[in-house]
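A quick write-up on the structure given underneath.
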Amino acid sequence: MDWTENCSAPSELCTEKLAAHARDHLECAHSDVLGTRWPRRAHGVDSTLAHIHAAHVLVLQMVSLEDLHSMLADLLMLIEASLPPEDRRRLAVERIFKSSEGGRITQSQRQTVIDAVREAYRAQEREVVRERSFSQLVWCWTIGLLGIAVTIAIFSALIPTLLPICFGPTPNVPSAQVIEPPRGLIVVCPLGQHPFTGNMDLSSGLAASSGDYAVVETVGFVAAAVTAAAALHQLRGKPTASNVPLALACLKLPTGALTAVLGLLLMRGEFVPGLTSLDSSAQIIGWAVIFGAAQHLFTKVVDARGQEVMEAAPSPQPAPAPQGAPAQRESLHGRA
């Protein structure tokens, strides 16, 4: 703004009013950054971005045609990164860039460039909001799944016999038909075991403890954390404020805790043939590790969607200049 007002503004334009409006936008952006607190911090970021973009558009209206011509290559990269190839405003700026090599642009061409830049900024703002909304949605699901896991652990601790995660050697036998319980057979749970009485429900109630679900969920949580750390190399993040990769990684943790519990319950319900009888607590913990790590099968769709959203979001790092582009003076895109 200082450079535009003092060095490059032509006298025939109403630069004082334009400069005043641009500085008002920058002051609003500064107050939004300092005055917005959580949980409305994201809205302050959006407002700041809009004010900065508006100030830069006003700067483009103030600079001379010669200076705008020197910025045209940088502005064209901004437009090409934000607008689709079939957009007529982008095509018009590309024609202006090709026809103005070695010369200057006209006042009407200036307005065409400014309109394209304004629409490019609007497209960037929409993608930023889209990325932030996706990140907030992932965080909400993460908190919700974590609450479900904690609730299950609390209820199982208060009523351990409600649905025990225990495995026995044989199916249920009615108590009236049990003459003498088989010897040497046991029912195992994550934290304990009990001799098999001939009735699976009764034996499971005797073997179950209040910490069974908590142990299984903890093991699934740790297994999911390990797989999440291994899968982070596949996510190509961008230097944006939403931090989508962190939200995706945190989503895997409560998901792993729940998949560990649900997987063991499916085994106990004989959903998987041949895997209904486990002989020790170590085997139960081992299967909890497998089911916790298997959360990636459910979250990979969310990972793919997150990668798509991050790739569409604008990056503050400019794209490399195309080959053959003419040398340009220092851009005002960063100054605003």
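Letters A, B, ... go to the chains of the structure tokens in the order shown; residues in each chain start at 1; ligands are counted from 1 in the same order.
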
Exercise. Could you pull out the residues in stretch 105-284 of chain A that DSSP calls alpha helix (DSSP H) from the backbone, as an NGL selection string?
Key: :A and (107-158 or 200-207 or 212-231 or 244-268 or 281-284)

Practice problem: Would you mind listing what lies within 12 Å of stretch 115-124 of chain A as JSON, numbers by chain, with only C-alpha atoms counted and same-chain residues fewer than 2 positions away left out? | Solution: {"A": [46, 49, 50, 51, 52, 53, 54, 55, 56, 57, 58, 59, 60, 61, 71, 72, 74, 75, 76, 77, 78, 79, 80, 81, 82, 83, 84, 87, 88, 89, 90, 91, 92, 93, 94, 96, 108, 109, 110, 111, 112, 113, 126, 127, 128, 129, 130, 131, 240, 311, 312, 313, 314, 315, 316, 333]}

Quiz item: Contacts of A:Ile159 at 12 Å or less, counting only C-alpha atoms, minus same-chain residues fewer than 4 places along, as number ranges by chain?
Solution: A: 152-155, 163-164, 205, 208-213

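Distances here use only C-alpha atoms; by that measure, the residue among A:Lys252, A:Arg268, A:Arg23, A:Lys17 closest to A:Asp2 is A:Arg23.
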